[in-house]
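Undergrad: Contents are mmCIF, C-alpha atoms (C1' of nucleotides); file name model-v8.cif:
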```
data_query
#
loop_
_atom_site.label_atom_id
_atom_site.label_comp_id
_atom_site.auth_asym_id
_atom_site.auth_seq_id
_atom_site.Cartn_x
_atom_site.Cartn_y
_atom_site.Cartn_z
CA MET A 23 120.61 109.10 93.40
CA LEU A 24 119.82 111.93 91.09
CA PRO A 25 122.01 112.15 87.97
CA GLN A 26 124.09 115.24 87.41
CA SER A 27 121.87 116.14 84.49
CA PHE A 28 119.17 116.92 87.03
CA TYR A 29 121.27 119.78 88.38
CA LEU A 30 122.73 120.94 85.11
CA ARG A 31 119.46 122.30 83.73
CA ASP A 32 119.59 126.01 83.18
CA ASP A 33 116.30 126.79 84.89
CA VAL A 34 117.16 127.03 88.55
CA VAL A 35 113.52 127.67 89.44
CA ALA A 36 112.41 124.45 87.76
CA VAL A 37 115.10 122.47 89.55
CA SER A 38 114.05 124.09 92.79
CA ARG A 39 110.48 122.94 92.28
CA ASP A 40 111.61 119.45 91.32
CA LEU A 41 113.62 119.11 94.50
CA LEU A 42 110.42 119.01 96.53
CA GLY A 43 109.69 115.45 97.54
CA LYS A 44 113.26 114.32 96.93
CA VAL A 45 115.22 112.77 99.77
CA LEU A 46 118.28 114.53 101.07
CA CYS A 47 120.66 112.01 102.64
CA THR A 48 123.84 112.54 104.58
CA ASP A 49 126.44 110.09 105.79
CA ILE A 50 128.28 112.13 108.35
CA ASP A 51 130.02 111.18 111.53
CA GLY A 52 129.42 107.53 110.78
CA ARG A 53 125.69 108.03 110.94
CA ARG A 54 123.13 108.28 108.23
CA THR A 55 120.26 110.71 108.31
CA SER A 56 117.80 111.73 105.64
CA MET A 57 114.78 113.91 105.12
CA VAL A 58 112.23 114.70 102.47
CA ILE A 59 112.68 118.18 101.09
CA THR A 60 109.55 120.23 101.66
CA GLU A 61 110.69 123.76 101.09
CA THR A 62 113.27 125.32 98.81
CA GLU A 63 114.24 128.74 97.66
CA ALA A 64 115.98 129.51 94.38
CA TYR A 65 118.82 131.95 94.14
CA ALA A 66 119.34 133.05 90.59
CA GLY A 67 122.84 134.30 91.24
CA VAL A 68 123.59 137.40 89.25
CA THR A 69 119.90 138.35 89.01
CA ASP A 70 119.08 137.93 92.64
CA LYS A 71 119.98 140.74 94.97
CA ALA A 72 119.79 138.46 97.96
CA SER A 73 122.36 136.11 96.48
CA HIS A 74 126.01 136.30 97.37
CA ALA A 75 126.75 136.14 93.70
CA TYR A 76 124.61 139.15 92.82
CA GLY A 77 126.43 141.36 90.37
CA ASP A 78 128.73 138.48 89.51
CA ARG A 79 130.70 138.84 92.70
CA ARG A 80 133.05 135.94 92.55
CA THR A 81 134.97 135.38 95.76
CA ARG A 82 136.58 132.48 97.50
CA ARG A 83 133.42 132.11 99.49
CA THR A 84 131.07 131.91 96.56
CA GLU A 85 133.44 129.83 94.48
CA PRO A 86 131.44 126.60 94.91
CA MET A 87 128.43 128.32 93.35
CA TYR A 88 130.42 128.84 90.20
CA GLY A 89 131.13 125.14 90.04
CA PRO A 90 129.05 122.65 88.05
CA GLY A 91 125.54 121.65 89.11
CA GLY A 92 125.48 118.94 91.74
CA THR A 93 127.86 120.71 94.07
CA ALA A 94 127.10 121.56 97.68
CA TYR A 95 127.43 125.14 98.82
CA VAL A 96 127.44 125.41 102.58
CA TYR A 97 127.90 128.70 104.26
CA LEU A 98 127.91 129.92 107.83
CA CYS A 99 125.36 132.60 108.54
CA TYR A 100 125.19 134.79 111.62
CA GLY A 101 128.13 132.89 113.00
CA ILE A 102 125.97 129.99 114.11
CA HIS A 103 123.88 128.60 111.32
CA HIS A 104 125.12 126.41 108.55
CA LEU A 105 123.04 126.92 105.44
CA PHE A 106 122.97 124.17 102.86
CA ASN A 107 122.53 125.00 99.21
CA VAL A 108 122.41 122.94 96.07
CA VAL A 109 124.39 124.39 93.20
CA THR A 110 122.73 124.13 89.81
CA ASN A 111 123.47 124.94 86.19
CA ALA A 112 126.76 124.73 84.32
CA SER A 113 130.12 125.89 85.60
CA GLY A 114 130.44 129.63 85.67
CA ILE A 115 126.78 130.27 86.42
CA PRO A 116 126.28 130.87 90.16
CA HIS A 117 122.81 129.46 90.58
CA ALA A 118 121.93 127.81 93.88
CA ILE A 119 118.97 126.51 95.82
CA LEU A 120 118.60 126.91 99.54
CA VAL A 121 116.93 124.02 101.33
CA ARG A 122 114.69 125.67 103.88
CA ALA A 123 112.76 122.81 105.44
CA GLY A 124 112.23 119.07 105.41
CA GLU A 125 110.38 116.12 106.84
CA PRO A 126 112.24 113.45 108.83
CA TYR A 127 112.78 110.32 106.77
CA SER A 128 115.42 108.21 108.48
CA GLY A 129 117.94 108.52 111.27
CA LEU A 130 115.49 110.44 113.42
CA PRO A 131 117.23 109.69 116.73
CA THR A 132 120.47 111.11 115.37
CA MET A 133 118.72 114.24 114.18
CA LEU A 134 117.05 114.71 117.55
CA GLU A 135 120.39 114.32 119.25
CA ARG A 136 122.05 116.89 117.02
CA ARG A 137 119.24 119.35 117.60
CA GLY A 138 119.16 118.63 121.33
CA LYS A 139 115.49 117.76 121.26
CA PRO A 140 113.77 115.02 123.27
CA ARG A 141 111.25 114.30 120.52
CA ALA A 142 110.33 115.43 117.06
CA ASP A 143 108.32 118.57 116.65
CA ARG A 144 107.69 120.96 113.83
CA SER A 145 110.83 122.94 114.47
CA LEU A 146 113.16 119.97 114.01
CA LEU A 147 113.69 120.64 110.32
CA ALA A 148 112.01 124.01 109.95
CA GLY A 149 114.40 126.65 108.71
CA PRO A 150 117.63 126.35 106.75
CA GLY A 151 119.85 126.52 109.81
CA SER A 152 117.92 123.77 111.55
CA VAL A 153 117.99 121.53 108.50
CA ALA A 154 121.75 121.68 108.16
CA ARG A 155 122.29 121.14 111.85
CA ALA A 156 119.99 118.15 112.08
CA LEU A 157 121.70 116.53 109.11
CA GLY A 158 125.16 117.27 110.44
CA ILE A 159 126.10 119.49 107.52
CA THR A 160 128.86 121.96 108.22
CA THR A 161 130.80 124.50 106.20
CA SER A 162 133.63 122.01 105.81
CA LEU A 163 131.44 120.26 103.26
CA THR A 164 131.12 123.27 100.98
CA GLY A 165 132.25 122.51 97.48
CA SER A 166 131.77 118.78 97.90
CA SER A 167 129.92 116.81 95.27
CA LEU A 168 126.35 115.61 95.69
CA LEU A 169 127.13 112.71 93.39
CA GLY A 170 128.81 110.29 95.72
CA GLY A 171 130.05 112.42 98.59
CA PRO A 172 128.73 112.44 102.15
CA ILE A 173 125.71 114.39 100.94
CA ARG A 174 123.37 112.97 98.33
CA ILE A 175 119.92 113.61 96.98
CA GLU A 176 117.82 110.63 95.98
CA ASP A 177 114.49 110.06 94.35
CA HIS A 178 112.50 107.60 96.40
CA GLY A 179 109.56 107.71 94.06
CA LEU A 180 107.56 110.18 96.09
CA ARG A 181 105.22 111.87 93.72
CA VAL A 182 104.43 115.49 94.25
CA GLU A 183 101.29 116.83 92.69
CA ALA A 184 101.56 120.26 91.20
CA ALA A 185 98.48 121.33 93.14
CA CYS A 186 100.28 120.69 96.41
CA ILE A 187 103.14 122.96 95.55
CA SER A 188 102.86 126.49 96.74
CA ALA A 189 105.01 128.91 94.79
CA GLY A 190 105.37 132.43 95.97
CA PRO A 191 107.62 135.43 95.99
CA ARG A 192 110.20 135.59 98.68
CA VAL A 193 109.80 137.87 101.60
CA GLY A 194 111.67 141.12 101.81
CA VAL A 195 112.37 141.54 98.14
CA ASP A 196 110.44 144.74 97.58
CA TYR A 197 113.66 146.38 96.53
CA ALA A 198 114.16 143.78 93.83
CA GLY A 199 111.76 145.56 91.51
CA GLU A 200 110.59 143.29 88.74
CA ASP A 201 112.21 140.32 90.45
CA ALA A 202 109.94 140.73 93.46
CA GLY A 203 107.04 138.91 91.84
CA ARG A 204 109.06 135.93 90.78
CA PRO A 205 108.06 132.63 92.39
CA TYR A 206 111.43 131.77 93.85
CA ARG A 207 110.13 129.93 96.87
CA PHE A 208 108.49 126.55 96.74
CA ARG A 209 106.96 124.45 99.46
CA LEU A 210 104.62 121.55 99.95
CA GLU A 211 101.39 122.99 101.23
CA SER A 212 99.90 119.72 102.34
CA ASP A 213 102.87 119.00 104.52
CA ALA A 214 103.01 119.82 108.19
CA TRP A 215 106.79 119.96 108.10
CA VAL A 216 107.29 123.27 106.39
CA SER A 217 109.15 126.17 107.82
CA SER A 218 107.11 128.28 110.17
CA ALA A 219 109.34 131.28 109.58
CA LEU A 220 107.29 132.44 106.66
CA SER A 221 106.36 135.79 108.09
CA THR A 222 109.65 137.58 107.77
CA ASP A 223 107.90 140.84 107.17
CA SER A 224 106.58 142.05 110.50
CA SER A 225 104.65 145.09 109.42
CA SER A 226 101.81 145.10 111.88
"C1'" DC B 21 110.43 141.86 120.00
"C1'" DG B 22 115.48 141.73 120.61
"C1'" DA B 23 120.01 139.62 121.38
"C1'" DA B 24 123.53 136.33 120.02
"C1'" DT B 25 127.68 135.21 117.15
"C1'" DG B 26 131.69 134.64 113.84
"C1'" DA B 27 133.31 134.42 109.16
"C1'" DT B 28 133.46 137.24 105.02
"C1'" DA B 29 133.64 141.51 102.19
"C1'" DT B 30 135.04 145.96 101.60
"C1'" DA B 31 137.56 150.00 102.68
"C1'" DC B 32 141.39 152.09 104.47
"C1'" DT B 33 146.54 152.56 106.26
"C1'" DG C 25 147.58 143.78 106.78
"C1'" DT C 26 144.13 145.65 109.93
"C1'" DA C 27 139.53 147.33 110.92
"C1'" DT C 28 134.50 147.67 110.76
"C1'" DA C 29 129.89 146.67 108.73
"C1'" DT C 30 127.13 143.01 107.14
"C1'" DC C 31 124.35 138.64 107.19
"C1'" DA C 32 119.93 133.54 102.67
"C1'" DT C 33 118.80 133.01 111.17
"C1'" DT C 34 117.41 131.12 115.49
"C1'" DC C 35 115.97 131.16 120.16
"C1'" DG C 36 114.45 133.16 124.27
"C1'" DA C 37 111.48 136.84 126.80
#
```
Re-express the file's structure as structure tokens.

TA:
Amino acid sequence: MLPQSFYLRDDVVAVSRDLLGKVLCTDIDGRRTSMVITETEAYAGVTDKASHAYGDRRTRRTEPMYGPGGTAYVYLCYGIHHLFNVVTNASGIPHAILVRAGEPYSGLPTMLERRGKPRADRSLLAGPGSVARALGITTSLTGSSLLGGPIRIEDHGLRVEAACISAGPRVGVDYAGEDAGRPYRFRLESDAWVSSALSTDSSS
DNA sequence: CGAATGATATACT
DNA sequence: GTATATCATTCGA
């Protein structure tokens, strides 16, 4: 599995890019599931207006983000969706990476069962809420370590070419001013298993 | 395109 | 301590 030094780097965007192609494994409910990470989004804490930690807002909720790199930050959004984030950087710096999409790697039947799907389709692991649900990740796992806990990230030797990585600004960050142009989102272009919810802005 | 859904943050008594 | 607005989304019409 990835060493803690992988997460402790101070460039959350670089870590975010490096997470592509890594395998996210969970041992939950006595069953093991895993997927290849195909889409991530960096949240540069204090700098990012979309982050819960923007403006250095430290609360009980965001506490895991202030922990050391290699910590899981899971949070319930819209009352239904569990969003899984990887905390990076040293303690006290609330950087995190949201895993937005993945490709099934192992434990497919379990993932299908959790998602209530008869067979795999693109939507199985497309979107942060779907990813967490398929892997069985819930908010009870927030603050747990990625270095030996029920959630782990491993390097299975999958090589990702830089040319296959699409980096772009996140959607809906017009208000972020100079931060709007920052490539916070990364995904594997050549992969069919990326999130389809890329068109957040519906200005037609 | 619009509703669902519940914990958290913030403000107020 | 109680109340209301907010939300890094998803699914169904």

Undergrad: Please find the residues of chain A near chain B - the criterion being any atom within 8 Å, counting all atoms listed in the file - and write them as a VMD selection string.

TA: chain A and resid 83 98 100 to 102

Undergrad: Looking at only C-alpha atoms, which of A:Ser38, A:Ser113, A:Ser145, A:Thr132 is the one that sits closest to Met87 in chain A?

TA: A:Ser113

Undergrad: What are the closest atom pairs, with distances in Å to one decimal, for all residues of chain C lying within 10 Å of chain A? Consider only C-alpha atoms (C1' of nucleotides), order rows by chain and residue number, and present the result as JSON lines.

TA:
```
{"residue": "C:DT30", "atom": "C1'", "partner": "A:Tyr100", "partner_atom": "CA", "distance": 9.6}
{"residue": "C:DC31", "atom": "C1'", "partner": "A:Tyr100", "partner_atom": "CA", "distance": 5.9}
{"residue": "C:DA32", "atom": "C1'", "partner": "A:Ala72", "partner_atom": "CA", "distance": 6.8}
{"residue": "C:DT33", "atom": "C1'", "partner": "A:Tyr100", "partner_atom": "CA", "distance": 6.6}
{"residue": "C:DT34", "atom": "C1'", "partner": "A:Gly151", "partner_atom": "CA", "distance": 7.7}
```

Undergrad: As lines of an AutoDock Vina configuration file, what would the box around range 28-33 of chain B look like: edges along x, y and z, 3 Å added on every side, centre and edge lengths in Å to one decimal?

TA:
```
center_x = 140.0
center_y = 144.9
center_z = 103.9
size_x = 19.1
size_y = 21.3
size_z = 10.7
```

Undergrad: Which distance in Å separates CA of Asp32 in chain A and CA of Ala66 in chain A, to one decimal?

TA: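 Interatomic distance, CA of Asp32 in chain A to CA of Ala66 in chain A: 10.2 Å.
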
Undergrad: Taking the file above as input, evaluate the PyMOL selection byres ((chain A and resi 27) around 10) and report the hits as a PDB file with C-alpha atoms, in the coordinates of the input.

TA:
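Below you can see part.pdb, which holds the result:
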```
ATOM      1  CA  LEU A  24     119.820 111.930  91.090  1.00  0.00           C
ATOM      2  CA  PRO A  25     122.010 112.150  87.970  1.00  0.00           C
ATOM      3  CA  GLN A  26     124.090 115.240  87.410  1.00  0.00           C
ATOM      4  CA  PHE A  28     119.170 116.920  87.030  1.00  0.00           C
ATOM      5  CA  TYR A  29     121.270 119.780  88.380  1.00  0.00           C
ATOM      6  CA  LEU A  30     122.730 120.940  85.110  1.00  0.00           C
ATOM      7  CA  ARG A  31     119.460 122.300  83.730  1.00  0.00           C
ATOM      8  CA  GLY A  91     125.540 121.650  89.110  1.00  0.00           C
ATOM      9  CA  GLY A  92     125.480 118.940  91.740  1.00  0.00           C
ATOM     10  CA  THR A 110     122.730 124.130  89.810  1.00  0.00           C
ATOM     11  CA  ASN A 111     123.470 124.940  86.190  1.00  0.00           C
ATOM     12  CA  ALA A 112     126.760 124.730  84.320  1.00  0.00           C
TER      13      ALA A 112
END
```

Undergrad: To one decimal place in Å, what is the distance between CA of Val58 in chain A and CA of Glu125 in chain A?

TA: 5.0 Å

Undergrad: Excluding Leu168 in chain A and residues on its chain fewer than 2 positions from it, collect all residues at most 9 Å away from it, counting all atoms listed in the file, and give them as a list in words.

TA: Met23, Leu24, Gln26, Gly91, Gly92, Thr93, Ala94, Val108, Ser166, Gly170, Gly171, Pro172, Ile173, Arg174 and Ile175 of chain A

Undergrad: Just checking: using only C-alpha atoms, which residue out of A:Ala185, A:Met133, A:Val121, A:Ile115 ends up closest to Leu41 in chain A?

TA: A:Val121

Undergrad: Figure out the distance between CA of Arg141 in chain A and CA of Arg39 in chain A, please, to one decimal in Å.

TA: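 The value is 29.5 Å.
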
Undergrad: When the PyMOL selection byres ((chain A and resi 46) around 7) is applied to the structure above, which residues does it catch, written out as a JSON list (two decimals) with C-alpha atoms, in the coordinates of the input?

TA:
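The resulting file, result-v7.json, is shown below:
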```
[["chain", "number", "residue", "atom", "x", "y", "z"],
["A", 44, "LYS", "CA", 113.26, 114.32, 96.93],
["A", 45, "VAL", "CA", 115.22, 112.77, 99.77],
["A", 47, "CYS", "CA", 120.66, 112.01, 102.64],
["A", 48, "THR", "CA", 123.84, 112.54, 104.58],
["A", 56, "SER", "CA", 117.80, 111.73, 105.64],
["A", 57, "MET", "CA", 114.78, 113.91, 105.12],
["A", 58, "VAL", "CA", 112.23, 114.70, 102.47],
["A", 59, "ILE", "CA", 112.68, 118.18, 101.09],
["A", 174, "ARG", "CA", 123.37, 112.97, 98.33],
["A", 175, "ILE", "CA", 119.92, 113.61, 96.98],
["A", 176, "GLU", "CA", 117.82, 110.63, 95.98]]
```

Undergrad: Given the point (106.4, 125.2, 100.9) in the file's coordinates, find the residues that have an atom at most 7 Å from it, counting all atoms listed in the file, and give them as a PDB file with C-alpha atoms, in the coordinates of the input.

TA:
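File written: part08.pdb
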```pdb
ATOM      1  CA  THR A  60     109.550 120.230 101.660  1.00  0.00           C
ATOM      2  CA  GLU A  61     110.690 123.760 101.090  1.00  0.00           C
ATOM      3  CA  ILE A 187     103.140 122.960  95.550  1.00  0.00           C
ATOM      4  CA  SER A 188     102.860 126.490  96.740  1.00  0.00           C
ATOM      5  CA  PHE A 208     108.490 126.550  96.740  1.00  0.00           C
ATOM      6  CA  ARG A 209     106.960 124.450  99.460  1.00  0.00           C
ATOM      7  CA  LEU A 210     104.620 121.550  99.950  1.00  0.00           C
ATOM      8  CA  GLU A 211     101.390 122.990 101.230  1.00  0.00           C
ATOM      9  CA  VAL A 216     107.290 123.270 106.390  1.00  0.00           C
TER      10      VAL A 216
END
```
